[in-house]
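J.: Please find one structure pasted underneath; my questions will follow.
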Amino acid sequence: MSIKVTDVICPICGFNTKNEKGFCPCCGAFLLDDFNPELYTGYERVMRRMIANAKRIPHKRIKNSEIISDVVNHIEDLDAVCRMPFLYDHFKGDVIRDTGSLINKYLNSEFQVAFVGTIKTGKSTLINALLDADYASVAVTPETAVLTKFKYSDSDYVKLTFYSRREWDKLWQSRTDDSDTFTEEYNDLKADNLKNKWLGHDDMLIRISDGYNGIKNELSRWSSSKSPEHYFVKEITVGISNIPKYFPKNVVIVDTPGLSDPVQYRSQISYDYIRRANAVFVCIEAKKIQREEIATLSSVFQNIGSKNTDCVHVIATHWDQLNNPEQDWAQNQDFMSKKLAGRIYFGSYDVAKQNIIHSSAYMYNLISRYLKGELHMDSIELQNLFNFAKNIERVPAPIFGVSPEFSALVDKFKNKDQDLFSRLRESTNVDYIRKNILYEIIACKSFGFIEQQAVSDLETLSRKISRINNDVVIKPLFSKRSLLMNDFNISVLKERQEELARSKQDCEKLYNQLNKYHSSVSKKTEDLIKKLDKADRK
């Protein structure tokens with residue numbers, strides 16, 4: 001066949017080449033969509049270009065984990081090879097989808113912590129304390145229940161997802177006998193007039209330019225019980241740029257509808273999220289440890305799915321409302337630890353006691369507001385905070401006159417004494433939850449879990465590609481020989497045999513090269529697993 005050779009400029013890298021090659025020798029890109037397959041000089045040349053092209057793939061790095069970075073880089077290499085025109089038809093189904101979804105999954109690794117509990121157990125107050133700002137509504141009632149996610153973002157935004165008509169019909173039909181207030185408020189706000197506008201509405205991303213105030217205003221519009229729109233919002237995601245120092249940037253805080261919501265559909269959203277979340281914080285009231293709370297905890301453990309029970313943390317809220325917080329809580333914690341020491345719960349008393357902790361997020365938030373000068377001197381909130389300080393410092397209120405201890409506490413309180421307020425903050429346990437649980441335990445362990453999963457996913461993907469590769473690439477390399485030996489005379493056959501012998505050697509070299517590449521991936525995978533094991537032992 002006579003071939004006219006012309007100069008061709010590679011559209012990818014700009015290299016000047018000849019169209020007889022069919023691919024760019026610089027970057028490996030194929031130059032002509034209608035290129036004649038007869039011009040290929042063998043499968044082995046195509047495969048060499050695939051390998052050369054894969055080496056030029058720009059790799060992304062994951063700041064939090066070198067192991068996940070290595071896994072993503074290997075998957076990017078495999079994805080590049082599978083997308084080569086010679087192989088794309090064989091890999092464009094499940095394999096291409098797998099490589100794309102895995103790359104996206106591990107580039108955006110997030111650890112989701114679901115805050116669950118019955119109505120008015122202080123979930124939102126605790127979330128505000130952890131975020132060090134009053135984002136979440138603290139007036140959560142059965143009528144205001146929107147699943148809300150809080151996460152770090154380079155820029156502030158609020159993203160809204162709305163119920164479909166089918167979901168709304170299920171929600172409306174799931175109202176129980178206790179949902180009279182829900183229905184009355186729905187009618188009073190004339191929310192039905194907006195139903196057609198918002199049901200099935202496309203997702204909305206609202207960019208926020210004025211920080212906290214802008215986020216607060218948008219949340220108020222879409223989640224407040226005074227706003228008729230809130231009934232039709234299924235989920236809110238809040239991106240926050242101003243995250244506290246010890247808040248892990250890969251952790252997503254999820255404020256869920258109450259487990260006792262009179263609209264059962266919304267309660268089910270919470271139970272479904274318990275199975276999806278990486279960790280679950282169950283909020284119960286410290287002063288109300290009774291059969292109902294144990295039943296709530298039981299329902300949570302029944303819905304955690306395959307997660308280890310270490311991922312469940314029980315947070316006893318409103319600790320400051322106990323008559324004698326320290327003494328009463330020690331008794332309540334012991335009682336709950338015994339109740340939750342069984343096999344279906346934490347497995348042992350020690351693990352249960354470690355994962356059952358108290359908090360006083362309301363007081364933590366009052367401390368922050370007082371130190372910022374946001375509390376009025378004659379407010380009830382300020383009086384509550386001072387009474388809390390008296391209890392923590394164990395200074396009794398004077399009955400006759402003013403005791404020196406009481407006067408000293410008043411002076412420290414007025415002067416915003418640093419040591420005093422450090423002790424008050426510490427007693428609320430909010431910093432402990434943020435630093436020791438969210439950061440050290442959850443954030444660190446989460447990447448260990450994700451790393452193990454990433455290595456496993458890479459192994460599975462490699463095996464799948466290897467099986468297809470053997471059938472599509474390796475076998476045709478050798479089957480071509482028998483096809484070429486037909487319909488030739490003796491002299492031509494001898495020449496062809498010599499050519500095939502050389503081709504066979506090239507094929508075998510390439511086959512060995514591919515095996516080495518596969519062995520290298522397997523070796524790196526083993527090294528990753530060893531790193532994980534070593535990290536786990538530490």
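Scheme for the structure tokens: letters A, B, ... for chains in order shown; per-chain residue numbers from 1; ligand numbers from 1 in order shown.
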Please identify the alpha helix (DSSP H) residues within segment 111-168 of chain A (assignment by DSSP from backbone atoms) and present them as a PyMOL selection string.
T.: chain A and resi 123-131+165-168
J.: Check segment 203-382 of chain A with DSSP on the backbone and list each residue it calls strand (DSSP E or B), as a compact mmCIF listing (two decimals) with all heavy atoms, in the first residue's frame.
T.:
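Now in selection-v8.txt:
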```
# COMPACT_ATOMS: atom_id res chain seq x y z
N MET A 204 -30.43 24.71 44.50
CA MET A 204 -30.02 26.12 44.47
C MET A 204 -28.73 26.31 45.25
O MET A 204 -28.61 25.83 46.38
CB MET A 204 -31.11 27.01 45.07
CG MET A 204 -32.36 27.12 44.23
SD MET A 204 -33.68 28.07 45.07
CE MET A 204 -32.82 29.61 45.43
N LEU A 205 -27.75 26.97 44.64
CA LEU A 205 -26.49 27.30 45.31
C LEU A 205 -26.44 28.81 45.49
O LEU A 205 -26.41 29.57 44.51
CB LEU A 205 -25.29 26.82 44.50
CG LEU A 205 -23.93 27.09 45.12
CD1 LEU A 205 -23.77 26.31 46.42
CD2 LEU A 205 -22.81 26.72 44.15
N ILE A 206 -26.47 29.25 46.73
CA ILE A 206 -26.48 30.68 47.04
C ILE A 206 -25.11 31.08 47.60
O ILE A 206 -24.70 30.63 48.67
CB ILE A 206 -27.58 31.00 48.08
CG1 ILE A 206 -28.94 30.52 47.56
CG2 ILE A 206 -27.62 32.49 48.39
CD1 ILE A 206 -30.04 30.58 48.61
N ARG A 207 -24.39 31.89 46.86
CA ARG A 207 -23.08 32.38 47.30
C ARG A 207 -23.27 33.47 48.35
O ARG A 207 -24.11 34.37 48.18
CB ARG A 207 -22.29 32.93 46.11
CG ARG A 207 -22.00 31.90 45.03
CD ARG A 207 -21.00 30.88 45.50
NE ARG A 207 -20.68 29.91 44.44
CZ ARG A 207 -19.88 28.87 44.61
NH1 ARG A 207 -19.32 28.67 45.80
NH2 ARG A 207 -19.64 28.04 43.62
N VAL A 233 -38.07 22.26 51.85
CA VAL A 233 -36.62 22.07 51.75
C VAL A 233 -36.26 20.71 52.35
O VAL A 233 -36.53 20.44 53.52
CB VAL A 233 -35.85 23.18 52.48
CG1 VAL A 233 -34.34 22.95 52.37
CG2 VAL A 233 -36.22 24.54 51.89
N LYS A 234 -35.63 19.89 51.56
CA LYS A 234 -35.26 18.54 52.01
C LYS A 234 -33.91 18.54 52.71
O LYS A 234 -33.71 17.84 53.71
CB LYS A 234 -35.22 17.59 50.81
CG LYS A 234 -34.78 16.17 51.13
CD LYS A 234 -34.73 15.34 49.87
CE LYS A 234 -34.25 13.93 50.15
NZ LYS A 234 -34.17 13.12 48.90
N GLU A 235 -32.98 19.32 52.20
CA GLU A 235 -31.61 19.29 52.74
C GLU A 235 -30.92 20.62 52.49
O GLU A 235 -31.11 21.23 51.44
CB GLU A 235 -30.82 18.14 52.10
CG GLU A 235 -29.43 17.93 52.63
CD GLU A 235 -28.77 16.71 52.00
OE1 GLU A 235 -29.31 15.60 52.13
OE2 GLU A 235 -27.70 16.89 51.37
N ILE A 236 -30.13 21.06 53.47
CA ILE A 236 -29.34 22.29 53.34
C ILE A 236 -27.87 21.94 53.59
O ILE A 236 -27.55 21.27 54.57
CB ILE A 236 -29.79 23.36 54.34
CG1 ILE A 236 -31.27 23.72 54.12
CG2 ILE A 236 -28.93 24.61 54.22
CD1 ILE A 236 -31.81 24.70 55.15
N THR A 237 -27.00 22.41 52.71
CA THR A 237 -25.56 22.28 52.93
C THR A 237 -24.97 23.67 53.09
O THR A 237 -25.20 24.55 52.25
CB THR A 237 -24.87 21.57 51.75
OG1 THR A 237 -25.45 20.27 51.59
CG2 THR A 237 -23.38 21.42 52.01
N VAL A 238 -24.24 23.88 54.18
CA VAL A 238 -23.66 25.18 54.48
C VAL A 238 -22.14 25.09 54.39
O VAL A 238 -21.51 24.33 55.12
CB VAL A 238 -24.07 25.66 55.89
CG1 VAL A 238 -23.53 27.06 56.16
CG2 VAL A 238 -25.58 25.64 56.05
N GLY A 239 -21.56 25.85 53.48
CA GLY A 239 -20.11 25.92 53.36
C GLY A 239 -19.59 27.12 54.14
O GLY A 239 -20.04 28.24 53.92
N ILE A 240 -18.66 26.87 55.06
CA ILE A 240 -18.18 27.92 55.97
C ILE A 240 -16.67 28.07 55.83
O ILE A 240 -15.93 27.10 55.98
CB ILE A 240 -18.54 27.59 57.43
CG1 ILE A 240 -20.04 27.35 57.58
CG2 ILE A 240 -18.08 28.69 58.37
CD1 ILE A 240 -20.45 26.82 58.93
N VAL A 251 -14.21 17.01 58.03
CA VAL A 251 -15.38 16.53 58.77
C VAL A 251 -16.61 17.36 58.39
O VAL A 251 -16.54 18.59 58.32
CB VAL A 251 -15.14 16.61 60.29
CG1 VAL A 251 -16.45 16.43 61.06
CG2 VAL A 251 -14.14 15.54 60.72
N VAL A 252 -17.71 16.67 58.13
CA VAL A 252 -18.99 17.32 57.84
C VAL A 252 -19.93 17.06 59.02
O VAL A 252 -20.17 15.90 59.37
CB VAL A 252 -19.62 16.78 56.55
CG1 VAL A 252 -20.95 17.47 56.28
CG2 VAL A 252 -18.67 16.97 55.37
N ILE A 253 -20.42 18.12 59.64
CA ILE A 253 -21.36 18.02 60.75
C ILE A 253 -22.77 18.01 60.17
O ILE A 253 -23.13 18.90 59.39
CB ILE A 253 -21.20 19.19 61.73
CG1 ILE A 253 -19.84 19.14 62.42
CG2 ILE A 253 -22.33 19.20 62.74
CD1 ILE A 253 -19.66 17.95 63.33
N VAL A 254 -23.57 17.02 60.55
CA VAL A 254 -24.92 16.89 60.00
C VAL A 254 -25.94 16.99 61.12
O VAL A 254 -25.98 16.14 62.01
CB VAL A 254 -25.08 15.55 59.25
CG1 VAL A 254 -26.45 15.49 58.58
CG2 VAL A 254 -23.97 15.36 58.23
N ASP A 255 -26.75 18.04 61.08
CA ASP A 255 -27.84 18.24 62.04
C ASP A 255 -29.09 17.58 61.45
O ASP A 255 -29.60 18.02 60.41
CB ASP A 255 -28.07 19.74 62.26
CG ASP A 255 -29.01 20.01 63.43
OD1 ASP A 255 -29.43 19.05 64.09
OD2 ASP A 255 -29.31 21.19 63.68
N VAL A 263 -43.86 13.80 62.21
CA VAL A 263 -43.92 13.45 60.78
C VAL A 263 -42.90 12.36 60.56
O VAL A 263 -41.69 12.61 60.51
CB VAL A 263 -43.63 14.69 59.89
CG1 VAL A 263 -43.72 14.30 58.42
CG2 VAL A 263 -44.60 15.82 60.21
N ALA A 279 -19.74 8.48 61.55
CA ALA A 279 -19.83 8.47 63.01
C ALA A 279 -21.16 9.10 63.41
O ALA A 279 -21.74 9.89 62.66
CB ALA A 279 -18.67 9.23 63.63
N VAL A 280 -21.61 8.72 64.60
CA VAL A 280 -22.92 9.20 65.07
C VAL A 280 -22.78 9.75 66.48
O VAL A 280 -22.23 9.08 67.36
CB VAL A 280 -23.97 8.06 65.06
CG1 VAL A 280 -25.31 8.58 65.54
CG2 VAL A 280 -24.09 7.45 63.67
N PHE A 281 -23.23 10.98 66.69
CA PHE A 281 -23.32 11.57 68.02
C PHE A 281 -24.79 11.56 68.43
O PHE A 281 -25.62 12.22 67.79
CB PHE A 281 -22.81 13.01 68.01
CG PHE A 281 -21.31 13.15 68.07
CD1 PHE A 281 -20.49 12.09 67.75
CD2 PHE A 281 -20.72 14.34 68.45
CE1 PHE A 281 -19.12 12.20 67.80
CE2 PHE A 281 -19.34 14.47 68.50
CZ PHE A 281 -18.54 13.39 68.18
N VAL A 282 -25.11 10.82 69.48
CA VAL A 282 -26.49 10.75 69.96
C VAL A 282 -26.64 11.69 71.14
O VAL A 282 -25.99 11.50 72.18
CB VAL A 282 -26.86 9.31 70.38
CG1 VAL A 282 -28.37 9.22 70.63
CG2 VAL A 282 -26.44 8.31 69.32
N CYS A 283 -27.47 12.70 70.99
CA CYS A 283 -27.67 13.68 72.06
C CYS A 283 -28.88 13.30 72.91
O CYS A 283 -29.98 13.09 72.39
CB CYS A 283 -27.87 15.07 71.46
SG CYS A 283 -26.42 15.72 70.60
N ILE A 284 -28.65 13.20 74.21
CA ILE A 284 -29.72 12.97 75.17
C ILE A 284 -29.54 13.97 76.31
O ILE A 284 -28.45 14.52 76.49
CB ILE A 284 -29.71 11.53 75.71
CG1 ILE A 284 -28.40 11.26 76.43
CG2 ILE A 284 -29.94 10.52 74.60
CD1 ILE A 284 -28.36 9.92 77.12
N GLU A 285 -30.57 14.19 77.08
CA GLU A 285 -30.47 15.14 78.18
C GLU A 285 -29.85 14.49 79.40
O GLU A 285 -30.27 13.41 79.83
CB GLU A 285 -31.85 15.69 78.53
CG GLU A 285 -32.41 16.60 77.45
CD GLU A 285 -33.59 17.41 77.96
OE1 GLU A 285 -33.38 18.21 78.90
OE2 GLU A 285 -34.68 17.23 77.44
N VAL A 312 -19.91 5.43 67.58
CA VAL A 312 -21.07 6.03 68.23
C VAL A 312 -20.62 6.72 69.52
O VAL A 312 -19.93 6.11 70.34
CB VAL A 312 -22.15 4.97 68.55
CG1 VAL A 312 -23.34 5.61 69.26
CG2 VAL A 312 -22.61 4.28 67.27
N HIS A 313 -21.01 7.97 69.67
CA HIS A 313 -20.69 8.73 70.89
C HIS A 313 -21.99 9.28 71.46
O HIS A 313 -22.78 9.89 70.73
CB HIS A 313 -19.73 9.88 70.59
CG HIS A 313 -18.38 9.41 70.14
ND1 HIS A 313 -17.32 9.26 70.99
CD2 HIS A 313 -17.93 9.04 68.91
CE1 HIS A 313 -16.26 8.83 70.32
NE2 HIS A 313 -16.62 8.69 69.05
N VAL A 314 -22.21 9.03 72.74
CA VAL A 314 -23.39 9.53 73.42
C VAL A 314 -23.02 10.83 74.13
O VAL A 314 -22.11 10.85 74.97
CB VAL A 314 -23.93 8.50 74.43
CG1 VAL A 314 -25.17 9.06 75.15
CG2 VAL A 314 -24.28 7.20 73.72
N ILE A 315 -23.71 11.91 73.79
CA ILE A 315 -23.44 13.22 74.38
C ILE A 315 -24.62 13.59 75.28
O ILE A 315 -25.74 13.80 74.80
CB ILE A 315 -23.25 14.31 73.31
CG1 ILE A 315 -22.25 13.85 72.25
CG2 ILE A 315 -22.81 15.61 73.97
CD1 ILE A 315 -20.85 13.64 72.74
N ALA A 316 -24.38 13.64 76.59
CA ALA A 316 -25.42 14.03 77.54
C ALA A 316 -25.41 15.56 77.64
O ALA A 316 -24.50 16.15 78.23
CB ALA A 316 -25.17 13.39 78.90
N THR A 317 -26.40 16.18 77.05
CA THR A 317 -26.45 17.64 76.98
C THR A 317 -27.11 18.24 78.23
O THR A 317 -27.66 17.53 79.07
CB THR A 317 -27.23 18.07 75.73
OG1 THR A 317 -28.57 17.55 75.81
CG2 THR A 317 -26.56 17.54 74.47
N ILE A 356 -19.40 7.77 76.43
CA ILE A 356 -20.55 8.50 76.98
C ILE A 356 -20.00 9.69 77.75
O ILE A 356 -19.38 9.54 78.81
CB ILE A 356 -21.39 7.61 77.92
CG1 ILE A 356 -21.92 6.39 77.16
CG2 ILE A 356 -22.55 8.39 78.50
CD1 ILE A 356 -22.61 5.37 78.06
N ILE A 357 -20.21 10.88 77.23
CA ILE A 357 -19.63 12.07 77.85
C ILE A 357 -20.70 13.16 77.98
O ILE A 357 -21.74 13.11 77.32
CB ILE A 357 -18.43 12.62 77.04
CG1 ILE A 357 -18.88 12.98 75.62
CG2 ILE A 357 -17.30 11.62 77.00
CD1 ILE A 357 -17.78 13.57 74.78
N HIS A 358 -20.43 14.12 78.83
CA HIS A 358 -21.39 15.20 79.05
C HIS A 358 -20.96 16.44 78.30
O HIS A 358 -19.82 16.56 77.84
CB HIS A 358 -21.49 15.52 80.55
CG HIS A 358 -20.27 16.22 81.08
ND1 HIS A 358 -19.15 15.54 81.53
CD2 HIS A 358 -19.99 17.56 81.22
CE1 HIS A 358 -18.25 16.42 81.92
NE2 HIS A 358 -18.73 17.65 81.75
```
J.: Could you pull the residues within 12 Å of segment 401-417 of chain A, counting only C-alpha atoms, minus those fewer than 3 positions along the same chain, as a list in words?
T.: Ile367, Ser368, Arg369, Tyr370, Leu371, Lys372, Gly373, Met377, Leu382, Gln383, Leu385, Phe386, Asn387, Phe388, Ala389, Lys390, Asn391, Ile392, Glu393, Arg394, Val395, Pro396, Ala397, Pro398, Leu420, Phe421, Ser422, Arg423 and Leu424 of chain A
J.: Using only C-alpha atoms, pick whichever of A:Val95, A:Asp310, A:Arg221, A:Thr256 has the shortest atom-to-atom distance to Tyr273 of chain A.
T.: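 Of A:Val95, A:Asp310, A:Arg221, A:Thr256, the one nearest Tyr273 of chain A is A:Thr256, counting only C-alpha atoms.
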J.: So which one's closest to Gln333 of chain A, A:Ile294, A:Val72, A:Ala286, A:Ala145? Using only C-alpha atoms, please.
T.: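 Closest to Gln333 of chain A, using only C-alpha atoms: A:Ala286.
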J.: Kindly indicate which residue among A:Leu438, A:Lys105, A:Ser360, A:Ala352 lies nearest to Glu426 of chain A, using only C-alpha atoms for the distances.
T.: A:Ser360
J.: Considering only C-alpha atoms, can you say which of A:Arg463, A:Lys216, A:Lys92, A:Lys338 comes closest to Asp79 of chain A?
T.: A:Lys92
J.: Please measure the separation of atom CA of Ile68 of chain A and atom CA of Asp457 of chain A, giving the value in Å to one decimal.
T.: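 Value for the atom CA of Ile68 of chain A-atom CA of Asp457 of chain A distance: 11.0 Å.
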J.: Please determine, counting only C-alpha atoms, which residue among A:Lys159, A:Arg502, A:Arg97, A:Lys170 has the shortest atom-to-atom distance to Gln264 of chain A.
T.: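 Result for the nearest residue to Gln264 of chain A: A:Lys170.
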J.: Please measure the separation of atom CA of Tyr152 of chain A and atom CA of Gln112 of chain A, giving the value in Å to one decimal.
T.: 12.0 Å
J.: With a distance cut-off of 12 Å and only C-alpha atoms, select the neighbouring residues of Val146 of chain A, excluding the residue or stretch itself and same-chain residues fewer than 5 positions from it, and output the selection as number ranges by chain.
T.: A: 124, 136-137, 140-141, 160-163, 219-220, 222-225, 229-237, 254-258, 261, 263, 265-267, 269-270
J.: Tell me which of A:Leu461, A:Leu297, A:Ile9, A:Ala361 sits closest to Leu130 of chain A, counting only C-alpha atoms.
T.: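 Selected residue with least distance to Leu130 of chain A: A:Ala361.
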J.: Leaving out Ala133 of chain A and any residue of its chain fewer than 4 positions from it, which residues lie within 8 Å of it when counting only C-alpha atoms, given as an MDAnalysis selection string?
T.: chainID A and resid 128:129 212
J.: Take atom CA of Tyr88 of chain A and atom CA of Glu451 of chain A and report the distance between them in Å, one decimal.
T.: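 Value for the atom CA of Tyr88 of chain A-atom CA of Glu451 of chain A distance: 28.7 Å.
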